[in-house]
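So this block is data.cif, mmCIF, C-alpha atoms:
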data_work
#
loop_
_atom_site.group_PDB
_atom_site.id
_atom_site.type_symbol
_atom_site.label_atom_id
_atom_site.label_comp_id
_atom_site.auth_asym_id
_atom_site.auth_seq_id
_atom_site.Cartn_x
_atom_site.Cartn_y
_atom_site.Cartn_z
ATOM 1 C CA MET A 83 -31.630 18.765 26.156
ATOM 2 C CA SER A 84 -29.258 16.673 28.242
ATOM 3 C CA GLN A 85 -27.526 15.161 25.195
ATOM 4 C CA PRO A 86 -25.844 18.385 23.937
ATOM 5 C CA GLU A 87 -24.619 19.149 27.466
ATOM 6 C CA THR A 88 -22.913 15.771 27.838
ATOM 7 C CA ALA A 89 -21.453 16.121 24.336
ATOM 8 C CA GLY A 90 -19.953 19.487 25.260
ATOM 9 C CA VAL A 91 -18.508 18.044 28.465
ATOM 10 C CA GLN A 92 -16.921 15.175 26.530
ATOM 11 C CA GLN A 93 -15.497 17.645 23.998
ATOM 12 C CA THR A 94 -13.879 19.830 26.656
ATOM 13 C CA ASP A 95 -12.564 16.717 28.421
ATOM 14 C CA SER A 96 -10.868 15.485 25.248
ATOM 15 C CA VAL A 97 -9.421 18.959 24.644
ATOM 16 C CA GLU A 98 -7.986 19.015 28.164
ATOM 17 C CA ARG A 99 -6.514 15.548 27.613
ATOM 18 C CA ILE A 100 -4.882 16.703 24.366
ATOM 19 C CA LYS A 101 -3.440 19.762 26.124
ATOM 20 C CA MET A 102 -2.009 17.571 28.897
ATOM 21 C CA SER A 103 -0.420 15.150 26.419
ATOM 22 C CA ARG A 104 1.043 18.036 24.427
ATOM 23 C CA ARG A 105 2.472 19.594 27.585
ATOM 24 C CA LYS A 106 3.990 16.239 28.596
ATOM 25 C CA SER A 107 5.595 15.680 25.181
ATOM 26 C CA TYR A 108 6.874 19.281 25.140
ATOM 27 C CA ARG A 109 8.508 18.739 28.537
ATOM 28 C CA GLN A 110 10.110 15.497 27.319
ATOM 29 C CA VAL A 111 11.479 17.256 24.225
ATOM 30 C CA ARG A 112 12.940 20.056 26.367
ATOM 31 C CA ILE A 113 14.569 17.507 28.694
ATOM 32 C CA GLN A 114 16.078 15.714 25.683
ATOM 33 C CA MET A 115 17.403 18.983 24.225
ATOM 34 C CA ILE A 116 18.912 20.027 27.565
ATOM 35 C CA GLY A 117 20.496 16.584 27.934
ATOM 36 C CA GLN A 118 22.019 16.769 24.458
ATOM 37 C CA ARG A 119 23.417 20.235 25.167
ATOM 38 C CA TRP A 120 24.864 19.006 28.475
ATOM 39 C CA SER A 121 26.517 15.991 26.817
ATOM 40 C CA ASN A 122 27.959 18.287 24.135
ATOM 41 C CA GLN A 123 29.434 20.647 26.741
ATOM 42 C CA HIS A 124 30.609 17.877 29.103
ATOM 43 C CA PRO A 125 31.468 14.808 26.990
ATOM 44 C CA ASN A 126 33.841 13.419 29.620
ATOM 45 C CA ARG A 127 31.118 13.169 32.303
ATOM 46 C CA LEU A 128 28.955 10.664 30.418
#

Give the structure from this file in structure tokens form.
Amino acid sequence: MSQPETAGVQQTDSVERIKMSRRKSYRQVRIQMIGQRWSNQHPNRL
């Protein structure tokens, strides 16, 4: 009875971890895109 409960907790924990990593990578990609756009608009400031 206690085994399925712990398995479900581990599953949700891994899902949360995947969501966090996806959010982090998404933020990094957005920062890179914004940086590229900025360098394209202001090439003399680099």

Output as lines of an AutoDock Vina configuration file the centre and edge lengths (Å, one decimal) of the box along x, y and z of the file that holds every listed atom of region 110-114 of chain A after adding 3 Å on each side.
center_x = 13.1
center_y = 17.8
center_z = 26.5
size_x = 12.0
size_y = 10.6
size_z = 10.5

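Counting from CA of Ile116 (chain A), the distance to CA of Met102 (chain A) is 21.1 Å.
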
query: Hey, can you check how far CA of Gln92 (chain A) sits from CA of Val111 (chain A)?
result: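 Answer for the CA of Gln92 (chain A) to CA of Val111 (chain A) separation: 28.6 Å.
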
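Our summary of the geometry notes that CA of Gln114 (chain A) is positioned 24.4 Å from CA of Glu98 (chain A).
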